[in-house]
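Novice: You'll find start-v3.pdb just under this line, and it carries PDB, C-alpha atoms and all ligand atoms.
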ATOM      1  CA  MET U   1    -127.165 -83.046  23.284
ATOM      2  CA  ILE U   2    -129.435 -81.497  20.618
ATOM      3  CA  ASP U   3    -126.559 -81.643  18.130
ATOM      4  CA  THR U   4    -126.724 -85.460  18.249
ATOM      5  CA  TYR U   5    -129.866 -85.078  16.138
ATOM      6  CA  VAL U   6    -129.360 -81.752  14.354
ATOM      7  CA  PRO U   7    -125.702 -80.697  13.990
ATOM      8  CA  ASN U   8    -124.657 -77.411  15.519
ATOM      9  CA  GLY U   9    -123.546 -75.397  12.490
ATOM     10  CA  SER U  10    -123.403 -71.690  13.343
ATOM     11  CA  SER U  11    -121.605 -69.451  15.805
ATOM     12  CA  PHE U  12    -124.807 -68.945  17.853
ATOM     13  CA  ALA U  13    -126.360 -72.449  17.590
ATOM     14  CA  GLY U  14    -124.748 -73.575  20.864
ATOM     15  CA  ASP U  15    -126.165 -70.592  22.795
ATOM     16  CA  ILE U  16    -129.678 -71.255  21.484
ATOM     17  CA  ASP U  17    -129.390 -74.969  22.321
ATOM     18  CA  HIS U  18    -128.351 -73.988  25.840
ATOM     19  CA  VAL U  19    -131.514 -71.890  26.322
ATOM     20  CA  ILE U  20    -133.671 -74.724  24.933
ATOM     21  CA  LEU U  21    -132.034 -77.212  27.335
ATOM     22  CA  VAL U  22    -132.432 -74.888  30.335
ATOM     23  CA  ILE U  23    -136.149 -74.448  29.565
ATOM     24  CA  THR U  24    -136.604 -78.203  28.993
ATOM     25  CA  ALA U  25    -134.829 -79.075  32.259
ATOM     26  CA  ILE U  26    -136.824 -76.562  34.338
ATOM     27  CA  THR U  27    -140.238 -77.338  32.856
ATOM     28  CA  GLY U  28    -139.408 -81.076  32.867
ATOM     29  CA  PHE U  29    -138.494 -80.974  36.568
ATOM     30  CA  TRP U  30    -141.759 -79.229  37.514
ATOM     31  CA  PHE U  31    -143.821 -81.435  35.223
ATOM     32  CA  PHE U  32    -142.575 -84.688  36.760
ATOM     33  CA  LEU U  33    -142.732 -83.298  40.301
ATOM     34  CA  ALA U  34    -146.334 -82.059  39.832
ATOM     35  CA  GLU U  35    -147.441 -85.346  38.255
ATOM     36  CA  ALA U  36    -145.796 -87.350  41.048
ATOM     37  CA  VAL U  37    -147.609 -85.308  43.725
ATOM     38  CA  LEU U  38    -150.895 -85.571  41.805
ATOM     39  CA  PHE U  39    -150.720 -89.373  41.487
ATOM     40  CA  TYR U  40    -149.567 -89.744  45.111
ATOM     41  CA  LEU U  41    -152.599 -87.759  46.290
ATOM     42  CA  ILE U  42    -154.981 -89.643  43.996
ATOM     43  CA  ILE U  43    -153.793 -92.963  45.386
ATOM     44  CA  LYS U  44    -153.593 -91.856  49.024
ATOM     45  CA  TYR U  45    -156.869 -89.933  49.162
ATOM     46  CA  GLY U  46    -158.918 -91.750  46.541
ATOM     47  CA  GLU U  47    -162.467 -92.935  47.175
ATOM     48  CA  GLN U  48    -162.713 -94.907  50.407
ATOM     49  CA  GLU U  49    -165.603 -96.967  51.718
ATOM     50  CA  GLY U  50    -167.567 -95.032  54.325
ATOM     51  CA  VAL U  51    -165.443 -91.857  54.165
ATOM     52  CA  ARG U  52    -167.100 -88.657  52.982
ATOM     53  CA  ALA U  53    -165.133 -86.323  50.702
ATOM     54  CA  LYS U  54    -163.872 -83.218  52.492
ATOM     55  CA  TYR U  55    -164.513 -79.837  50.911
ATOM     56  CA  VAL U  56    -161.262 -77.811  50.915
ATOM     57  CA  ALA U  57    -161.748 -74.199  49.839
ATOM     58  CA  GLY U  58    -158.054 -73.314  50.116
ATOM     59  CA  GLU U  59    -158.782 -70.164  52.114
ATOM     60  CA  ASP U  60    -156.868 -71.079  55.246
ATOM     61  CA  PRO U  61    -153.363 -69.461  55.183
ATOM     62  CA  LYS U  62    -151.862 -72.880  56.002
ATOM     63  CA  GLU U  63    -153.505 -74.288  52.855
ATOM     64  CA  LYS U  64    -152.645 -71.285  50.734
ATOM     65  CA  ARG U  65    -148.926 -71.842  51.369
ATOM     66  CA  TRP U  66    -149.091 -74.997  49.234
ATOM     67  CA  VAL U  67    -150.060 -72.867  46.259
ATOM     68  CA  ALA U  68    -148.089 -69.707  47.031
ATOM     69  CA  TRP U  69    -144.609 -71.152  47.602
ATOM     70  CA  PRO U  70    -144.392 -73.294  44.445
ATOM     71  CA  HIS U  71    -145.677 -70.204  42.649
ATOM     72  CA  TYR U  72    -142.825 -68.009  43.992
ATOM     73  CA  ILE U  73    -140.219 -70.640  43.118
ATOM     74  CA  THR U  74    -141.637 -70.947  39.590
ATOM     75  CA  LEU U  75    -141.442 -67.154  39.218
ATOM     76  CA  LEU U  76    -137.754 -67.241  40.197
ATOM     77  CA  PHE U  77    -137.088 -69.871  37.527
ATOM     78  CA  ASP U  78    -139.042 -67.745  35.022
ATOM     79  CA  ILE U  79    -136.822 -64.755  35.756
ATOM     80  CA  TYR U  80    -133.755 -66.922  35.194
ATOM     81  CA  ILE U  81    -135.154 -68.165  31.836
ATOM     82  CA  ILE U  82    -135.979 -64.601  30.751
ATOM     83  CA  PHE U  83    -132.433 -63.374  31.477
ATOM     84  CA  ALA U  84    -130.854 -66.397  29.747
ATOM     85  CA  ALA U  85    -133.089 -65.915  26.685
ATOM     86  CA  ILE U  86    -132.698 -62.127  26.462
ATOM     87  CA  SER U  87    -128.907 -62.291  26.355
ATOM     88  CA  VAL U  88    -129.058 -64.758  23.433
ATOM     89  CA  TRP U  89    -131.808 -62.762  21.697
ATOM     90  CA  GLN U  90    -129.710 -59.613  22.031
ATOM     91  CA  ASP U  91    -126.719 -61.355  20.469
ATOM     92  CA  VAL U  92    -128.576 -63.111  17.630
ATOM     93  CA  LYS U  93    -131.376 -60.705  16.715
ATOM     94  CA  GLN U  94    -130.502 -57.245  18.036
ATOM     95  CA  THR U  95    -126.837 -56.974  17.072
ATOM     96  CA  MET U  96    -125.436 -57.182  13.577
ATOM     97  CA  PRO U  97    -121.721 -57.997  13.577
ATOM     98  CA  GLN U  98    -119.651 -56.606  10.705
ATOM     99  CA  ALA U  99    -120.395 -58.677   7.585
ATOM    100  CA  ASP U 100    -117.804 -60.220   5.298
ATOM    101  CA  GLU U 101    -120.484 -60.674   2.635
ATOM    102  CA  THR U 102    -124.208 -60.118   2.111
ATOM    103  CA  VAL U 103    -126.616 -62.503   0.394
ATOM    104  CA  ARG U 104    -130.171 -61.778  -0.730
ATOM    105  CA  VAL U 105    -132.880 -64.381  -0.221
ATOM    106  CA  ILE U 106    -136.043 -64.000  -2.292
ATOM    107  CA  ALA U 107    -138.970 -66.221  -1.392
ATOM    108  CA  GLN U 108    -142.022 -66.873  -3.527
ATOM    109  CA  GLN U 109    -144.709 -69.519  -3.869
ATOM    110  CA  TRP U 110    -142.889 -71.999  -3.848
ATOM    111  CA  ALA U 111    -139.212 -71.532  -4.424
ATOM    112  CA  TRP U 112    -136.200 -69.646  -3.156
ATOM    113  CA  THR U 113    -133.902 -67.466  -5.213
ATOM    114  CA  PHE U 114    -130.518 -66.832  -3.635
ATOM    115  CA  VAL U 115    -128.515 -63.876  -4.886
ATOM    116  CA  HIS U 116    -124.805 -64.271  -4.091
ATOM    117  CA  PRO U 117    -122.220 -61.567  -4.584
ATOM    118  CA  GLY U 118    -119.842 -62.707  -7.281
ATOM    119  CA  ALA U 119    -116.051 -62.542  -7.192
ATOM    120  CA  ASP U 120    -116.169 -58.832  -6.244
ATOM    121  CA  GLY U 121    -117.912 -59.675  -2.946
ATOM    122  CA  LYS U 122    -120.632 -57.046  -3.568
ATOM    123  CA  LEU U 123    -124.339 -57.403  -4.305
ATOM    124  CA  ASP U 124    -126.094 -55.558  -7.147
ATOM    125  CA  THR U 125    -123.133 -55.739  -9.487
ATOM    126  CA  PRO U 126    -123.100 -57.495 -12.875
ATOM    127  CA  ASP U 127    -121.290 -60.565 -11.543
ATOM    128  CA  ASP U 128    -123.980 -61.459  -8.970
ATOM    129  CA  ILE U 129    -124.835 -65.152  -8.994
ATOM    130  CA  ARG U 130    -128.536 -66.049  -8.781
ATOM    131  CA  VAL U 131    -129.349 -69.648  -7.969
ATOM    132  CA  VAL U 132    -132.693 -71.287  -7.298
ATOM    133  CA  ASP U 133    -133.034 -73.447  -4.164
ATOM    134  CA  GLU U 134    -129.302 -73.564  -3.375
ATOM    135  CA  LEU U 135    -127.386 -71.116  -1.185
ATOM    136  CA  HIS U 136    -123.577 -71.269  -1.202
ATOM    137  CA  VAL U 137    -121.614 -69.801   1.706
ATOM    138  CA  VAL U 138    -118.112 -70.055   3.160
ATOM    139  CA  LYS U 139    -117.401 -71.608   6.572
ATOM    140  CA  GLY U 140    -116.174 -69.030   9.084
ATOM    141  CA  LYS U 141    -117.379 -65.944   7.186
ATOM    142  CA  THR U 142    -119.966 -63.646   8.729
ATOM    143  CA  TYR U 143    -122.958 -63.091   6.443
ATOM    144  CA  HIS U 144    -125.734 -60.578   6.475
ATOM    145  CA  PHE U 145    -128.879 -61.740   4.720
ATOM    146  CA  GLU U 146    -131.658 -59.655   3.191
ATOM    147  CA  LEU U 147    -134.989 -61.467   3.070
ATOM    148  CA  GLN U 148    -137.630 -60.484   0.543
ATOM    149  CA  SER U 149    -140.904 -62.014  -0.555
ATOM    150  CA  ARG U 150    -142.562 -61.762  -3.958
ATOM    151  CA  ASP U 151    -146.019 -62.692  -2.668
ATOM    152  CA  VAL U 152    -147.012 -63.905   0.807
ATOM    153  CA  LEU U 153    -145.464 -64.530   4.229
ATOM    154  CA  HIS U 154    -142.701 -67.121   4.201
ATOM    155  CA  SER U 155    -140.140 -68.026   6.857
ATOM    156  CA  PHE U 156    -136.461 -68.684   6.284
ATOM    157  CA  SER U 157    -135.229 -71.549   8.443
ATOM    158  CA  ILE U 158    -131.824 -73.224   8.549
ATOM    159  CA  PRO U 159    -132.116 -75.853  11.306
ATOM    160  CA  ILE U 160    -128.369 -76.473  11.723
ATOM    161  CA  PHE U 161    -127.858 -72.740  12.319
ATOM    162  CA  ARG U 162    -130.859 -72.615  14.730
ATOM    163  CA  LEU U 163    -131.989 -69.768  12.512
ATOM    164  CA  LYS U 164    -135.598 -68.930  11.712
ATOM    165  CA  GLN U 165    -136.805 -65.581  10.442
ATOM    166  CA  ASP U 166    -140.150 -64.602   8.946
ATOM    167  CA  ILE U 167    -140.218 -62.881   5.576
ATOM    168  CA  ILE U 168    -142.779 -60.130   5.109
ATOM    169  CA  PRO U 169    -143.900 -58.990   1.652
ATOM    170  CA  GLY U 170    -143.029 -55.354   0.968
ATOM    171  CA  ARG U 171    -140.157 -55.276   3.442
ATOM    172  CA  THR U 172    -136.517 -56.271   3.534
ATOM    173  CA  VAL U 173    -135.838 -58.203   6.722
ATOM    174  CA  ARG U 174    -132.173 -58.365   7.701
ATOM    175  CA  GLY U 175    -130.184 -60.703   9.904
ATOM    176  CA  TRP U 176    -126.893 -62.504  10.123
ATOM    177  CA  PHE U 177    -125.200 -65.873  10.568
ATOM    178  CA  LYS U 178    -121.713 -67.346  10.648
ATOM    179  CA  PRO U 179    -121.465 -70.974   9.451
ATOM    180  CA  THR U 180    -119.079 -73.233  11.366
ATOM    181  CA  LEU U 181    -119.571 -76.609   9.625
ATOM    182  CA  THR U 182    -118.917 -77.510   6.001
ATOM    183  CA  GLY U 183    -121.381 -79.673   4.089
ATOM    184  CA  GLY U 184    -124.854 -79.572   2.535
ATOM    185  CA  TYR U 185    -127.831 -78.993   4.840
ATOM    186  CA  ASP U 186    -131.556 -78.274   4.695
ATOM    187  CA  ILE U 187    -133.246 -74.928   4.336
ATOM    188  CA  GLN U 188    -136.977 -75.074   4.964
ATOM    189  CA  CYS U 189    -139.851 -72.654   4.685
ATOM    190  CA  THR U 190    -141.488 -72.609   8.126
ATOM    191  CA  GLU U 191    -144.542 -70.460   7.494
ATOM    192  CA  ILE U 192    -147.652 -71.960   5.879
ATOM    193  CA  CYS U 193    -147.572 -70.146   2.535
ATOM    194  CA  GLY U 194    -150.074 -71.999   0.401
ATOM    195  CA  ILE U 195    -150.661 -75.444  -0.987
ATOM    196  CA  GLY U 196    -147.020 -75.881  -2.014
ATOM    197  CA  HIS U 197    -145.566 -74.932   1.396
ATOM    198  CA  GLY U 198    -144.412 -78.504   1.997
ATOM    199  CA  ILE U 199    -142.505 -78.577  -1.275
ATOM    200  CA  MET U 200    -140.510 -75.432  -0.549
ATOM    201  CA  PRO U 201    -137.225 -76.861   0.708
ATOM    202  CA  ALA U 202    -133.786 -75.744  -0.423
ATOM    203  CA  ARG U 203    -130.177 -76.560   0.399
ATOM    204  CA  ILE U 204    -127.381 -74.588   1.948
ATOM    205  CA  ILE U 205    -123.885 -75.591   0.892
ATOM    206  CA  VAL U 206    -121.206 -74.495   3.370
ATOM    207  CA  GLU U 207    -117.850 -74.632   1.636
ATOM    208  CA  THR U 208    -114.163 -74.008   2.296
ATOM    209  CA  PRO U 209    -112.892 -70.721   0.783
ATOM    210  CA  GLU U 210    -111.148 -72.694  -2.024
ATOM    211  CA  ASP U 211    -114.252 -74.701  -2.968
ATOM    212  CA  HIS U 212    -116.377 -71.558  -2.860
ATOM    213  CA  ALA U 213    -113.949 -69.642  -5.079
ATOM    214  CA  ALA U 214    -114.068 -72.503  -7.606
ATOM    215  CA  TRP U 215    -117.898 -72.464  -7.516
ATOM    216  CA  VAL U 216    -117.986 -68.673  -7.995
ATOM    217  CA  LEU U 217    -115.566 -68.930 -10.893
ATOM    218  CA  ALA U 218    -117.604 -71.683 -12.567
ATOM    219  CA  LEU U 219    -120.794 -69.603 -12.376
ATOM    220  CA  THR U 220    -119.334 -66.181 -13.170
ATOM    221  CA  PRO U 221    -120.277 -65.106 -16.661
ATOM    222  CA  THR U 222    -117.431 -63.968 -18.885
ATOM    223  CA  GLN U 223    -117.054 -60.194 -19.230
ATOM    224  CA  ALA U 224    -118.196 -60.336 -22.862
ATOM    225  CA  ALA U 225    -121.509 -61.926 -21.887
ATOM    226  CA  ILE U 226    -122.416 -59.124 -19.496
ATOM    227  CA  THR U 227    -124.225 -56.115 -20.806
ATOM    228  CA  PRO U 228    -125.115 -53.255 -18.469
ATOM    229  CA  SER U 229    -128.852 -53.766 -18.896
ATOM    230  CA  GLU U 230    -128.746 -57.477 -18.288
ATOM    231  CA  GLN U 231    -128.375 -59.301 -14.971
ATOM    232  CA  PRO U 232    -126.751 -62.692 -15.378
ATOM    233  CA  THR U 233    -129.071 -65.587 -14.598
ATOM    234  CA  GLN U 234    -127.773 -68.996 -13.570
ATOM    235  CA  LEU U 235    -129.242 -72.467 -13.161
ATOM    236  CA  GLY U 236    -132.738 -71.418 -14.140
ATOM    237  CA  GLY U 237    -132.638 -68.293 -11.962
ATOM    238  CA  MET U 238    -135.719 -66.141 -12.050
ATOM    239  CA  PRO U 239    -135.823 -62.754 -13.782
TER     240      PRO U 239
HETATM  241 CU1  LIG C   1    -143.008 -70.560   1.856
HETATM  242 CU2  LIG C   1    -144.093 -71.985   3.430
END
Please express what this file holds, its structure, as structure tokens.
Specialist:
Amino acid sequence: MIDTYVPNGSSFAGDIDHVILVITAITGFWFFLAEAVLFYLIIKYGEQEGVRAKYVAGEDPKEKRWVAWPHYITLLFDIYIIFAAISVWQDVKQTMPQADETVRVIAQQWAWTFVHPGADGKLDTPDDIRVVDELHVVKGKTYHFELQSRDVLHSFSIPIFRLKQDIIPGRTVRGWFKPTLTGGYDIQCTEICGIGHGIMPARIIVETPEDHAAWVLALTPTQAAITPSEQPTQLGGMP
């Protein structure tokens, strides 16, 4: 249902959508029921000529039942929501499945630098590929990401993955995702990070293994160009 508007593009997006739908259905049901009762009572017991308003303190046990029972039922629904949410939280945020590759995401006012492992599949080697505002990943591979900030709080959000994670200066925040849809999609900063916050979008390009290999090859510097003291910089990548 949600994926009609925002495609479902990661291994856990469907589980998160399910929790959102469960919460929407439960709160929606109670909202409409409560409003219906409220309007019914307003119409039925509204101001009437010659009838004095009755003061109801709600202290009689028979009156209290009207508050207590809906309360118990709501608590039961709450417990159900908590269990549904915790199992997804455990899977998405508390467990890190084995990674095929790791990417580093560096946020700053107001741009993203994405550090991809090069052909060797490892970060912090001379063939790393640094790209500004464009992250390239392979469909079906499990990625770990390392989030870093050069200045203030930012938040790394990929709507099609249903992924959102704050980035805290001075720390490396880790997480994971597994893309399941090829194509180019939005990345957005979702933490107010200064006047340029609104102009801090980027793109994620989810590719087939062949397309990704061709992209890596095109951006891999030749051996001769690499010196041990120099990190290769691509497409205006930051030092
Ligand atoms: Cu970075 Cu908002």
Novice: Taking (-122.7, -59.3, -3.5) in the file's own coordinates, collect the residues within 12 Å, counting only C-alpha atoms, and hand them back as a ChimeraX atom specification.
Specialist: /U:99-105,114-130,137,143-146,216
Novice: May I have a table of the residues of chain U lying at most 8 Å from ligand LIG 1 (chain C), giving each one's closest pair of atoms and their distance in Å to one decimal, counting all atoms listed in the file, ordered by chain and ascending residue number, as JSON lines?
Specialist:
{"residue": "U:Ala107", "atom": "CA", "partner": "C:LIG1", "partner_atom": "CU1", "distance": 6.8}
{"residue": "U:Gln108", "atom": "CA", "partner": "C:LIG1", "partner_atom": "CU1", "distance": 6.6}
{"residue": "U:Gln109", "atom": "CA", "partner": "C:LIG1", "partner_atom": "CU1", "distance": 6.1}
{"residue": "U:Trp110", "atom": "CA", "partner": "C:LIG1", "partner_atom": "CU1", "distance": 5.9}
{"residue": "U:Ala111", "atom": "CA", "partner": "C:LIG1", "partner_atom": "CU1", "distance": 7.4}
{"residue": "U:Val152", "atom": "CA", "partner": "C:LIG1", "partner_atom": "CU1", "distance": 7.8}
{"residue": "U:Leu153", "atom": "CA", "partner": "C:LIG1", "partner_atom": "CU1", "distance": 6.9}
{"residue": "U:His154", "atom": "CA", "partner": "C:LIG1", "partner_atom": "CU1", "distance": 4.2}
{"residue": "U:Ser155", "atom": "CA", "partner": "C:LIG1", "partner_atom": "CU1", "distance": 6.3}
{"residue": "U:Gln188", "atom": "CA", "partner": "C:LIG1", "partner_atom": "CU2", "distance": 7.9}
{"residue": "U:Cys189", "atom": "CA", "partner": "C:LIG1", "partner_atom": "CU2", "distance": 4.5}
{"residue": "U:Thr190", "atom": "CA", "partner": "C:LIG1", "partner_atom": "CU2", "distance": 5.4}
{"residue": "U:Glu191", "atom": "CA", "partner": "C:LIG1", "partner_atom": "CU2", "distance": 4.4}
{"residue": "U:Ile192", "atom": "CA", "partner": "C:LIG1", "partner_atom": "CU2", "distance": 4.3}
{"residue": "U:Cys193", "atom": "CA", "partner": "C:LIG1", "partner_atom": "CU2", "distance": 4.0}
{"residue": "U:Gly194", "atom": "CA", "partner": "C:LIG1", "partner_atom": "CU2", "distance": 6.7}
{"residue": "U:Gly196", "atom": "CA", "partner": "C:LIG1", "partner_atom": "CU2", "distance": 7.3}
{"residue": "U:His197", "atom": "CA", "partner": "C:LIG1", "partner_atom": "CU2", "distance": 3.9}
{"residue": "U:Gly198", "atom": "CA", "partner": "C:LIG1", "partner_atom": "CU2", "distance": 6.7}
{"residue": "U:Met200", "atom": "CA", "partner": "C:LIG1", "partner_atom": "CU1", "distance": 6.0}
Novice: My list of candidates is U:Lys139, U:Lys178, U:Lys54, U:Arg150. Which is closest to Ser11 (chain U) when distances are computed with all atoms listed in the file?
Specialist: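 Once distances to Ser11 (chain U) are computed over all atoms listed in the file, the minimum belongs to U:Lys178.
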Novice: Determine the residue membership of the PyMOL selection byres (((chain U and resi 80-86) around 12) and not hetatm) for the file above and supply it as a list in words.
Specialist: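 On the file shown, the PyMOL selection byres (((chain U and resi 80-86) around 12) and not hetatm) covers Asp15, Ile16, Asp17, His18, Val19, Ile20, Leu21, Val22, Ile23, Thr24, Ala25, Ile26, Thr27, Ile73, Thr74, Leu75, Leu76, Phe77, Asp78, Ile79, Ser87, Val88, Trp89, Gln90, Asp91, Val92, Lys93 and Gln94 of chain U.
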Novice: Let me make sure I understand: among U:Ala213, U:Ile160, U:Leu38, U:Ile205, which one has the smallest atom-to-atom distance to Phe12 (chain U) if we use only C-alpha atoms?
Specialist: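 Smallest separation from Phe12 (chain U) among the options: U:Ile160.
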Novice: Rounded to one decimal place, report the CA of Pro209 (chain U)-CA of Thr182 (chain U) distance in Å.
Specialist: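 These atoms are spaced 10.5 Å apart.
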Novice: Counting all atoms listed in the file, which residue out of U:Tyr40, U:Tyr45, U:Trp30, U:Trp176 sits closest to Thr142 (chain U)?
Specialist: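 Nearest to Thr142 (chain U): U:Trp176.
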Novice: So what do you get for CA of Leu181 (chain U) versus CA of Lys164 (chain U), distance-wise?
Specialist: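 Calculated distance between CA of Leu181 (chain U) and CA of Lys164 (chain U) is 17.9 Å.
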Novice: Please, can region 108-117 of chain U be completed to all heavy atoms and returned as a PDB file, in the coordinates of the input?
Specialist:
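Final output, part-v7.pdb:
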ATOM      1  N   GLN U 108    -140.773 -66.999  -2.786  1.00  0.00           N
ATOM      2  CA  GLN U 108    -142.022 -66.873  -3.527  1.00  0.00           C
ATOM      3  C   GLN U 108    -142.717 -68.229  -3.463  1.00  0.00           C
ATOM      4  O   GLN U 108    -142.098 -69.232  -3.114  1.00  0.00           O
ATOM      5  CB  GLN U 108    -141.752 -66.496  -4.987  1.00  0.00           C
ATOM      6  CG  GLN U 108    -141.126 -67.620  -5.793  1.00  0.00           C
ATOM      7  CD  GLN U 108    -140.702 -67.166  -7.161  1.00  0.00           C
ATOM      8  OE1 GLN U 108    -139.542 -66.833  -7.371  1.00  0.00           O
ATOM      9  NE2 GLN U 108    -141.640 -67.142  -8.089  1.00  0.00           N
ATOM     10  N   GLN U 109    -144.000 -68.248  -3.807  1.00  0.00           N
ATOM     11  CA  GLN U 109    -144.709 -69.519  -3.869  1.00  0.00           C
ATOM     12  C   GLN U 109    -144.210 -70.275  -5.109  1.00  0.00           C
ATOM     13  O   GLN U 109    -144.509 -69.836  -6.225  1.00  0.00           O
ATOM     14  CB  GLN U 109    -146.208 -69.287  -3.979  1.00  0.00           C
ATOM     15  CG  GLN U 109    -146.807 -68.706  -2.678  1.00  0.00           C
ATOM     16  CD  GLN U 109    -148.230 -68.250  -2.881  1.00  0.00           C
ATOM     17  OE1 GLN U 109    -148.527 -67.541  -3.837  1.00  0.00           O
ATOM     18  NE2 GLN U 109    -149.113 -68.605  -1.972  1.00  0.00           N
ATOM     19  N   TRP U 110    -143.430 -71.357  -5.021  1.00  0.00           N
ATOM     20  CA  TRP U 110    -142.889 -71.999  -3.848  1.00  0.00           C
ATOM     21  C   TRP U 110    -141.443 -72.353  -4.128  1.00  0.00           C
ATOM     22  O   TRP U 110    -141.116 -73.492  -4.374  1.00  0.00           O
ATOM     23  CB  TRP U 110    -143.698 -73.252  -3.506  1.00  0.00           C
ATOM     24  CG  TRP U 110    -145.072 -72.877  -2.990  1.00  0.00           C
ATOM     25  CD1 TRP U 110    -145.358 -72.448  -1.728  1.00  0.00           C
ATOM     26  CD2 TRP U 110    -146.319 -72.850  -3.698  1.00  0.00           C
ATOM     27  NE1 TRP U 110    -146.712 -72.162  -1.596  1.00  0.00           N
ATOM     28  CE2 TRP U 110    -147.312 -72.415  -2.793  1.00  0.00           C
ATOM     29  CE3 TRP U 110    -146.671 -73.160  -5.013  1.00  0.00           C
ATOM     30  CZ2 TRP U 110    -148.651 -72.286  -3.160  1.00  0.00           C
ATOM     31  CZ3 TRP U 110    -147.982 -73.021  -5.369  1.00  0.00           C
ATOM     32  CH2 TRP U 110    -148.969 -72.583  -4.441  1.00  0.00           C
ATOM     33  N   ALA U 111    -140.637 -71.334  -4.140  1.00  0.00           N
ATOM     34  CA  ALA U 111    -139.212 -71.532  -4.424  1.00  0.00           C
ATOM     35  C   ALA U 111    -138.413 -70.406  -3.789  1.00  0.00           C
ATOM     36  O   ALA U 111    -138.966 -69.381  -3.385  1.00  0.00           O
ATOM     37  CB  ALA U 111    -138.972 -71.560  -5.932  1.00  0.00           C
ATOM     38  N   TRP U 112    -137.122 -70.640  -3.698  1.00  0.00           N
ATOM     39  CA  TRP U 112    -136.200 -69.646  -3.156  1.00  0.00           C
ATOM     40  C   TRP U 112    -135.241 -69.214  -4.257  1.00  0.00           C
ATOM     41  O   TRP U 112    -134.736 -70.051  -4.995  1.00  0.00           O
ATOM     42  CB  TRP U 112    -135.361 -70.243  -2.036  1.00  0.00           C
ATOM     43  CG  TRP U 112    -136.132 -70.784  -0.882  1.00  0.00           C
ATOM     44  CD1 TRP U 112    -136.569 -72.076  -0.720  1.00  0.00           C
ATOM     45  CD2 TRP U 112    -136.541 -70.074   0.292  1.00  0.00           C
ATOM     46  NE1 TRP U 112    -137.219 -72.200   0.483  1.00  0.00           N
ATOM     47  CE2 TRP U 112    -137.219 -70.992   1.128  1.00  0.00           C
ATOM     48  CE3 TRP U 112    -136.396 -68.756   0.710  1.00  0.00           C
ATOM     49  CZ2 TRP U 112    -137.753 -70.631   2.359  1.00  0.00           C
ATOM     50  CZ3 TRP U 112    -136.912 -68.399   1.944  1.00  0.00           C
ATOM     51  CH2 TRP U 112    -137.588 -69.332   2.753  1.00  0.00           C
ATOM     52  N   THR U 113    -134.977 -67.935  -4.343  1.00  0.00           N
ATOM     53  CA  THR U 113    -133.902 -67.466  -5.213  1.00  0.00           C
ATOM     54  C   THR U 113    -132.837 -66.864  -4.297  1.00  0.00           C
ATOM     55  O   THR U 113    -133.147 -66.014  -3.457  1.00  0.00           O
ATOM     56  CB  THR U 113    -134.398 -66.388  -6.194  1.00  0.00           C
ATOM     57  OG1 THR U 113    -135.496 -66.929  -6.938  1.00  0.00           O
ATOM     58  CG2 THR U 113    -133.280 -65.977  -7.157  1.00  0.00           C
ATOM     59  N   PHE U 114    -131.624 -67.342  -4.455  1.00  0.00           N
ATOM     60  CA  PHE U 114    -130.518 -66.832  -3.635  1.00  0.00           C
ATOM     61  C   PHE U 114    -129.602 -65.996  -4.517  1.00  0.00           C
ATOM     62  O   PHE U 114    -129.129 -66.476  -5.544  1.00  0.00           O
ATOM     63  CB  PHE U 114    -129.752 -67.987  -2.999  1.00  0.00           C
ATOM     64  CG  PHE U 114    -130.599 -68.808  -2.072  1.00  0.00           C
ATOM     65  CD1 PHE U 114    -131.040 -70.068  -2.436  1.00  0.00           C
ATOM     66  CD2 PHE U 114    -130.988 -68.299  -0.839  1.00  0.00           C
ATOM     67  CE1 PHE U 114    -131.839 -70.824  -1.588  1.00  0.00           C
ATOM     68  CE2 PHE U 114    -131.796 -69.035   0.023  1.00  0.00           C
ATOM     69  CZ  PHE U 114    -132.219 -70.308  -0.350  1.00  0.00           C
ATOM     70  N   VAL U 115    -129.403 -64.744  -4.122  1.00  0.00           N
ATOM     71  CA  VAL U 115    -128.515 -63.876  -4.886  1.00  0.00           C
ATOM     72  C   VAL U 115    -127.203 -63.765  -4.115  1.00  0.00           C
ATOM     73  O   VAL U 115    -127.175 -63.256  -2.985  1.00  0.00           O
ATOM     74  CB  VAL U 115    -129.129 -62.479  -5.103  1.00  0.00           C
ATOM     75  CG1 VAL U 115    -128.249 -61.652  -6.035  1.00  0.00           C
ATOM     76  CG2 VAL U 115    -130.547 -62.594  -5.650  1.00  0.00           C
ATOM     77  N   HIS U 116    -126.127 -64.296  -4.730  1.00  0.00           N
ATOM     78  CA  HIS U 116    -124.805 -64.271  -4.091  1.00  0.00           C
ATOM     79  C   HIS U 116    -123.981 -63.167  -4.734  1.00  0.00           C
ATOM     80  O   HIS U 116    -124.045 -62.966  -5.947  1.00  0.00           O
ATOM     81  CB  HIS U 116    -124.059 -65.585  -4.338  1.00  0.00           C
ATOM     82  CG  HIS U 116    -124.820 -66.829  -4.028  1.00  0.00           C
ATOM     83  ND1 HIS U 116    -125.886 -67.283  -4.783  1.00  0.00           N
ATOM     84  CD2 HIS U 116    -124.658 -67.742  -3.052  1.00  0.00           C
ATOM     85  CE1 HIS U 116    -126.332 -68.420  -4.269  1.00  0.00           C
ATOM     86  NE2 HIS U 116    -125.604 -68.722  -3.217  1.00  0.00           N
ATOM     87  N   PRO U 117    -123.148 -62.488  -3.937  1.00  0.00           N
ATOM     88  CA  PRO U 117    -122.220 -61.567  -4.584  1.00  0.00           C
ATOM     89  C   PRO U 117    -121.220 -62.408  -5.379  1.00  0.00           C
ATOM     90  O   PRO U 117    -120.870 -63.495  -4.959  1.00  0.00           O
ATOM     91  CB  PRO U 117    -121.534 -60.869  -3.407  1.00  0.00           C
ATOM     92  CG  PRO U 117    -121.738 -61.741  -2.233  1.00  0.00           C
ATOM     93  CD  PRO U 117    -122.933 -62.604  -2.488  1.00  0.00           C
TER      94      PRO U 117
END
